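Text of the file my_file33.pdb, holding PDB, C-alpha atoms:
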ATOM      1  CA  MET A1181       1.713   4.463   1.327  1.00  0.00           C
ATOM      2  CA  SER A1182       0.209   1.719  -0.699  1.00  0.00           C
ATOM      3  CA  THR A1183      -3.458   2.712  -0.884  1.00  0.00           C
ATOM      4  CA  ASP A1184      -5.521   5.880  -0.950  1.00  0.00           C
ATOM      5  CA  ARG A1185      -7.216   4.750   2.270  1.00  0.00           C
ATOM      6  CA  GLU A1186      -3.878   4.569   4.077  1.00  0.00           C
ATOM      7  CA  LEU A1187      -2.918   7.925   2.589  1.00  0.00           C
ATOM      8  CA  LEU A1188      -6.147   9.475   3.889  1.00  0.00           C
ATOM      9  CA  ALA A1189      -5.665   7.937   7.318  1.00  0.00           C
ATOM     10  CA  LEU A1190      -2.175   9.456   7.585  1.00  0.00           C
ATOM     11  CA  ALA A1191      -3.374  12.843   6.309  1.00  0.00           C
ATOM     12  CA  ALA A1192      -6.114  12.800   8.949  1.00  0.00           C
ATOM     13  CA  LYS A1193      -3.494  11.977  11.577  1.00  0.00           C
ATOM     14  CA  ALA A1194      -1.354  14.945  10.465  1.00  0.00           C
ATOM     15  CA  ALA A1195      -4.383  17.209  10.861  1.00  0.00           C
ATOM     16  CA  CYS A1196      -5.176  15.675  14.272  1.00  0.00           C
ATOM     17  CA  PHE A1197      -8.550  14.447  13.015  1.00  0.00           C
ATOM     18  CA  GLU A1198     -10.188  11.433  14.519  1.00  0.00           C
ATOM     19  CA  LEU A1199     -12.372   9.941  11.830  1.00  0.00           C
ATOM     20  CA  VAL A1200     -15.265   7.853  13.000  1.00  0.00           C
ATOM     21  CA  LEU A1201     -16.671   5.858  10.132  1.00  0.00           C
ATOM     22  CA  TRP A1202     -20.180   4.452  10.167  1.00  0.00           C
ATOM     23  CA  GLN A1203     -21.423   1.320   8.486  1.00  0.00           C
ATOM     24  CA  PRO A1204     -24.771   1.337   6.658  1.00  0.00           C
ATOM     25  CA  ASP A1205     -26.439  -0.313   9.690  1.00  0.00           C
ATOM     26  CA  GLY A1206     -25.442   2.631  11.923  1.00  0.00           C
ATOM     27  CA  THR A1207     -22.670   0.909  13.853  1.00  0.00           C
ATOM     28  CA  PRO A1208     -19.107   2.237  14.013  1.00  0.00           C
ATOM     29  CA  HIS A1209     -16.649   0.709  11.579  1.00  0.00           C
ATOM     30  CA  ALA A1210     -13.314  -0.478  12.989  1.00  0.00           C
ATOM     31  CA  GLY A1211     -10.092   0.090  11.090  1.00  0.00           C
ATOM     32  CA  LEU A1212      -9.626   1.527   7.634  1.00  0.00           C
ATOM     33  CA  PRO A1213     -12.754   1.779   5.503  1.00  0.00           C
ATOM     34  CA  ASP A1214     -13.428  -0.763   2.813  1.00  0.00           C
ATOM     35  CA  ASP A1215     -15.763  -0.615  -0.165  1.00  0.00           C
ATOM     36  CA  THR A1216     -18.854  -0.654   2.072  1.00  0.00           C
ATOM     37  CA  VAL A1217     -17.788   2.433   4.040  1.00  0.00           C
ATOM     38  CA  SER A1218     -17.121   5.860   2.572  1.00  0.00           C
ATOM     39  CA  TRP A1219     -14.917   8.590   3.994  1.00  0.00           C
ATOM     40  CA  PRO A1220     -16.817  11.566   5.411  1.00  0.00           C
ATOM     41  CA  TRP A1221     -13.701  13.657   4.642  1.00  0.00           C
ATOM     42  CA  ASN A1222     -11.683  13.151   1.491  1.00  0.00           C
ATOM     43  CA  PRO A1223      -9.077  15.713   0.369  1.00  0.00           C
ATOM     44  CA  LEU A1224      -8.238  13.470  -2.594  1.00  0.00           C
ATOM     45  CA  LYS A1225     -11.700  14.096  -4.045  1.00  0.00           C
ATOM     46  CA  ASN A1226     -12.971  17.269  -2.370  1.00  0.00           C
ATOM     47  CA  ASP A1227     -11.396  20.664  -3.105  1.00  0.00           C
ATOM     48  CA  GLY A1228     -12.678  22.162   0.157  1.00  0.00           C
ATOM     49  CA  ASP A1229     -11.248  19.339   2.268  1.00  0.00           C
ATOM     50  CA  ALA A1230      -7.896  19.667   0.480  1.00  0.00           C
ATOM     51  CA  LEU A1231      -7.777  23.442   0.939  1.00  0.00           C
ATOM     52  CA  ARG A1232      -8.658  23.212   4.640  1.00  0.00           C
ATOM     53  CA  LEU A1233      -5.944  20.561   5.089  1.00  0.00           C
ATOM     54  CA  ALA A1234      -3.357  22.734   3.302  1.00  0.00           C
ATOM     55  CA  VAL A1235      -4.246  25.773   5.411  1.00  0.00           C
ATOM     56  CA  MET A1236      -4.311  23.801   8.664  1.00  0.00           C
ATOM     57  CA  LEU A1237      -0.841  22.381   7.998  1.00  0.00           C
ATOM     58  CA  ASN A1238       0.535  25.610   6.515  1.00  0.00           C
ATOM     59  CA  LEU A1239       1.499  23.917   3.246  1.00  0.00           C
ATOM     60  CA  ASP A1240       3.160  25.783   0.409  1.00  0.00           C
ATOM     61  CA  ILE A1241       1.397  24.785  -2.838  1.00  0.00           C
ATOM     62  CA  ARG A1242       3.080  25.393  -6.180  1.00  0.00           C
ATOM     63  CA  PRO A1243       1.076  24.365  -9.232  1.00  0.00           C
ATOM     64  CA  GLY A1244       3.234  24.066 -12.328  1.00  0.00           C
ATOM     65  CA  ARG A1245       2.600  23.080 -15.906  1.00  0.00           C
ATOM     66  CA  ASP A1246       3.922  19.515 -15.530  1.00  0.00           C
ATOM     67  CA  LYS A1247       3.650  18.941 -11.788  1.00  0.00           C
ATOM     68  CA  VAL A1248       2.210  20.260  -8.557  1.00  0.00           C
ATOM     69  CA  THR A1249       4.341  20.565  -5.447  1.00  0.00           C
ATOM     70  CA  ALA A1250       3.158  20.733  -1.847  1.00  0.00           C
ATOM     71  CA  ALA A1251       5.622  21.320   0.972  1.00  0.00           C
ATOM     72  CA  GLY A1252       5.507  21.905   4.683  1.00  0.00           C
ATOM     73  CA  ASP A1253       7.417  21.100   7.861  1.00  0.00           C
ATOM     74  CA  GLY A1254      10.205  19.306   6.019  1.00  0.00           C
ATOM     75  CA  ALA A1255       7.876  17.242   3.825  1.00  0.00           C
ATOM     76  CA  TRP A1256       8.006  17.781   0.059  1.00  0.00           C
ATOM     77  CA  GLU A1257       5.713  16.029  -2.411  1.00  0.00           C
ATOM     78  CA  GLU A1258       5.482  16.395  -6.188  1.00  0.00           C
ATOM     79  CA  VAL A1259       2.652  14.973  -8.271  1.00  0.00           C
ATOM     80  CA  SER A1260       2.779  14.853 -12.061  1.00  0.00           C
ATOM     81  CA  THR A1261      -0.053  16.266 -14.124  1.00  0.00           C
ATOM     82  CA  ALA A1262       0.648  13.776 -16.931  1.00  0.00           C
ATOM     83  CA  ASP A1263      -2.135  11.381 -15.889  1.00  0.00           C
ATOM     84  CA  ARG A1264      -4.258  13.757 -13.787  1.00  0.00           C
ATOM     85  CA  THR A1265      -5.910  17.125 -14.107  1.00  0.00           C
ATOM     86  CA  ARG A1266      -4.108  19.962 -12.338  1.00  0.00           C
ATOM     87  CA  GLU A1267      -6.900  19.958  -9.757  1.00  0.00           C
ATOM     88  CA  GLU A1268      -6.513  16.222  -9.074  1.00  0.00           C
ATOM     89  CA  ALA A1269      -2.736  16.570  -8.892  1.00  0.00           C
ATOM     90  CA  THR A1270      -3.066  19.489  -6.467  1.00  0.00           C
ATOM     91  CA  ARG A1271      -5.392  17.579  -4.142  1.00  0.00           C
ATOM     92  CA  ARG A1272      -3.085  14.535  -4.243  1.00  0.00           C
ATOM     93  CA  ALA A1273       0.039  16.623  -3.581  1.00  0.00           C
ATOM     94  CA  ILE A1274      -1.636  18.221  -0.552  1.00  0.00           C
ATOM     95  CA  THR A1275      -2.782  14.865   0.796  1.00  0.00           C
ATOM     96  CA  CYS A1276       0.594  13.209   0.183  1.00  0.00           C
ATOM     97  CA  ALA A1277       2.461  16.057   1.883  1.00  0.00           C
ATOM     98  CA  ALA A1278       0.146  15.827   4.894  1.00  0.00           C
ATOM     99  CA  ALA A1279       0.644  12.047   5.057  1.00  0.00           C
ATOM    100  CA  ALA A1280       4.418  12.491   4.843  1.00  0.00           C
ATOM    101  CA  MET A1281       4.235  14.937   7.736  1.00  0.00           C
ATOM    102  CA  ALA A1282       2.354  12.355   9.822  1.00  0.00           C
ATOM    103  CA  GLU A1283       5.004   9.732   9.132  1.00  0.00           C
ATOM    104  CA  ARG A1284       7.819  11.933  10.470  1.00  0.00           C
TER
END
Output the file's structure as structure tokens, nothing else.
Amino acid sequence: MSTDRELLALAAKAACFELVLWQPDGTPHAGLPDDTVSWPWNPLKNDGDALRLAVMLNLDIRPGRDKVTAAGDGAWEEVSTADRTREEATRRAITCAAAAMAER
């Protein structure tokens, strides 16, 4: 996964969400969002979205001192807390694990 947008798209796929994105003029946006379109759902930034995603996919979350691990259905993702807060690392681990599940 090269971008957060692609990561979010895969996480949405794992959760069986169909995201419809709207442009400022009220028309649907095709493809992945760009800088003019914001995600209505973002587990990388929103604790509630991340928790709902983890529960929906039955992820096992293990916050540690140096890293956070999220695992489920054969997918295992670790995110370091060196450059992120524990909360940011937890949200990213959840989202990465969900995306990995979608790629399987």
Problem - Residue nearest Ala1255 in chain A among A:Gly1206, A:Glu1267, A:Glu1283, A:Arg1232 (counting only C-alpha atoms) - result: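 Result for the nearest residue to Ala1255 in chain A: A:Glu1283.
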*Within 10 Å of range 1274-1278 of chain A, counting all atoms listed in the file, which residues show up once you throw out same-chain ones fewer than 3 positions away? Write them as a PyMOL selection string, please.*
chain A and resi 1181+1184+1187-1195+1222-1224+1229-1231+1233-1241+1248-1259+1269-1271+1281-1283
Separation of CA of Arg1266 in chain A and CA of Lys1225 in chain A, in Å?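 Computed distance, CA of Arg1266 in chain A to CA of Lys1225 in chain A, equals 12.7 Å.
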Let me have the centre and edge lengths in Å, one decimal, of the box along x, y and z around every listed atom of range 1227-1239 of chain A with 4 Å of margin on each side, as lines of an AutoDock Vina configuration file.
center_x = -5.6
center_y = 22.6
center_z = 2.8
size_x = 22.2
size_y = 14.4
size_z = 19.8
field: Which of A:Thr1265, A:Ser1260, A:Asn1226, A:Thr1207 sits closest to Asp1246 in chain A [using all atoms listed in the file]
entry: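 Counting all atoms listed in the file, the residue closest to Asp1246 in chain A is A:Ser1260.
Between CA of Ala1273 in chain A and CA of Arg1242 in chain A the separation is 9.6 Å.
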Between A:Glu1198, A:Glu1186, A:Ala1279, A:Glu1268, smallest distance to Asp1227 in chain A by only C-alpha atoms belongs to A:Glu1268
Return range 1261-1272 of chain A, completed with all heavy atoms, as a short mmCIF file (atom, residue, chain, number, x, y, z; two decimals), in the coordinates of the input.
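Saved result, part-v3.cif, follows:
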data_model
loop_
_atom_site.label_atom_id
_atom_site.label_comp_id
_atom_site.auth_asym_id
_atom_site.auth_seq_id
_atom_site.Cartn_x
_atom_site.Cartn_y
_atom_site.Cartn_z
N THR A 1261 1.25 16.01 -13.50
CA THR A 1261 -0.05 16.27 -14.12
C THR A 1261 -0.21 15.47 -15.42
O THR A 1261 -1.17 15.67 -16.15
CB THR A 1261 -0.24 17.77 -14.41
OG1 THR A 1261 0.83 18.21 -15.26
CG2 THR A 1261 -0.26 18.58 -13.14
N ALA A 1262 0.71 14.56 -15.69
CA ALA A 1262 0.65 13.78 -16.93
C ALA A 1262 -0.61 12.91 -17.01
O ALA A 1262 -1.24 12.82 -18.06
CB ALA A 1262 1.89 12.91 -17.06
N ASP A 1263 -0.98 12.28 -15.90
CA ASP A 1263 -2.13 11.38 -15.89
C ASP A 1263 -3.31 11.91 -15.08
O ASP A 1263 -4.27 11.17 -14.83
CB ASP A 1263 -1.73 10.02 -15.32
CG ASP A 1263 -0.69 9.32 -16.18
OD1 ASP A 1263 -0.71 9.52 -17.41
OD2 ASP A 1263 0.14 8.59 -15.62
N ARG A 1264 -3.21 13.16 -14.63
CA ARG A 1264 -4.26 13.76 -13.79
C ARG A 1264 -4.51 15.18 -14.24
O ARG A 1264 -3.63 15.81 -14.81
CB ARG A 1264 -3.82 13.80 -12.33
CG ARG A 1264 -3.60 12.48 -11.69
CD ARG A 1264 -3.14 12.67 -10.24
NE ARG A 1264 -3.12 11.41 -9.54
CZ ARG A 1264 -2.08 10.59 -9.52
NH1 ARG A 1264 -0.98 10.91 -10.15
NH2 ARG A 1264 -2.14 9.46 -8.85
N THR A 1265 -5.69 15.71 -13.90
CA THR A 1265 -5.91 17.12 -14.11
C THR A 1265 -5.07 17.88 -13.09
O THR A 1265 -4.61 17.31 -12.09
CB THR A 1265 -7.39 17.51 -13.92
OG1 THR A 1265 -7.75 17.30 -12.55
CG2 THR A 1265 -8.30 16.69 -14.83
N ARG A 1266 -4.87 19.17 -13.30
CA ARG A 1266 -4.11 19.96 -12.34
C ARG A 1266 -4.82 19.97 -10.99
O ARG A 1266 -4.18 19.97 -9.94
CB ARG A 1266 -3.91 21.38 -12.86
CG ARG A 1266 -2.93 21.41 -14.02
CD ARG A 1266 -2.69 22.79 -14.56
NE ARG A 1266 -1.93 23.54 -13.57
CZ ARG A 1266 -1.95 24.85 -13.50
NH1 ARG A 1266 -2.66 25.56 -14.32
NH2 ARG A 1266 -1.23 25.47 -12.60
N GLU A 1267 -6.15 19.97 -11.01
CA GLU A 1267 -6.90 19.96 -9.76
C GLU A 1267 -6.68 18.65 -9.00
O GLU A 1267 -6.46 18.65 -7.80
CB GLU A 1267 -8.40 20.17 -10.02
CG GLU A 1267 -8.74 21.55 -10.54
CD GLU A 1267 -8.55 21.70 -12.06
OE1 GLU A 1267 -8.13 20.72 -12.74
OE2 GLU A 1267 -8.80 22.81 -12.56
N GLU A 1268 -6.75 17.52 -9.71
CA GLU A 1268 -6.51 16.22 -9.07
C GLU A 1268 -5.09 16.14 -8.53
O GLU A 1268 -4.87 15.65 -7.42
CB GLU A 1268 -6.75 15.09 -10.08
CG GLU A 1268 -8.18 14.89 -10.47
CD GLU A 1268 -8.34 13.94 -11.64
OE1 GLU A 1268 -7.43 13.82 -12.48
OE2 GLU A 1268 -9.42 13.32 -11.74
N ALA A 1269 -4.13 16.60 -9.33
CA ALA A 1269 -2.74 16.57 -8.89
C ALA A 1269 -2.52 17.45 -7.67
O ALA A 1269 -1.76 17.09 -6.76
CB ALA A 1269 -1.82 17.01 -10.04
N THR A 1270 -3.20 18.59 -7.62
CA THR A 1270 -3.07 19.49 -6.47
C THR A 1270 -3.62 18.84 -5.21
O THR A 1270 -2.97 18.86 -4.16
CB THR A 1270 -3.79 20.83 -6.75
OG1 THR A 1270 -3.21 21.43 -7.91
CG2 THR A 1270 -3.67 21.77 -5.56
N ARG A 1271 -4.80 18.25 -5.31
CA ARG A 1271 -5.39 17.58 -4.14
C ARG A 1271 -4.49 16.44 -3.66
O ARG A 1271 -4.27 16.25 -2.48
CB ARG A 1271 -6.80 17.07 -4.46
CG ARG A 1271 -7.83 18.16 -4.62
CD ARG A 1271 -9.24 17.62 -4.70
NE ARG A 1271 -9.43 16.64 -5.74
CZ ARG A 1271 -9.88 16.91 -6.98
NH1 ARG A 1271 -10.19 18.14 -7.32
NH2 ARG A 1271 -10.04 15.95 -7.86
N ARG A 1272 -3.95 15.67 -4.62
CA ARG A 1272 -3.08 14.54 -4.24
C ARG A 1272 -1.78 15.03 -3.62
O ARG A 1272 -1.31 14.45 -2.64
CB ARG A 1272 -2.80 13.65 -5.45
CG ARG A 1272 -1.97 12.42 -5.10
CD ARG A 1272 -2.09 11.34 -6.13
NE ARG A 1272 -3.39 10.73 -6.16
CZ ARG A 1272 -3.77 9.73 -5.36
NH1 ARG A 1272 -2.94 9.24 -4.46
NH2 ARG A 1272 -4.97 9.22 -5.46
#
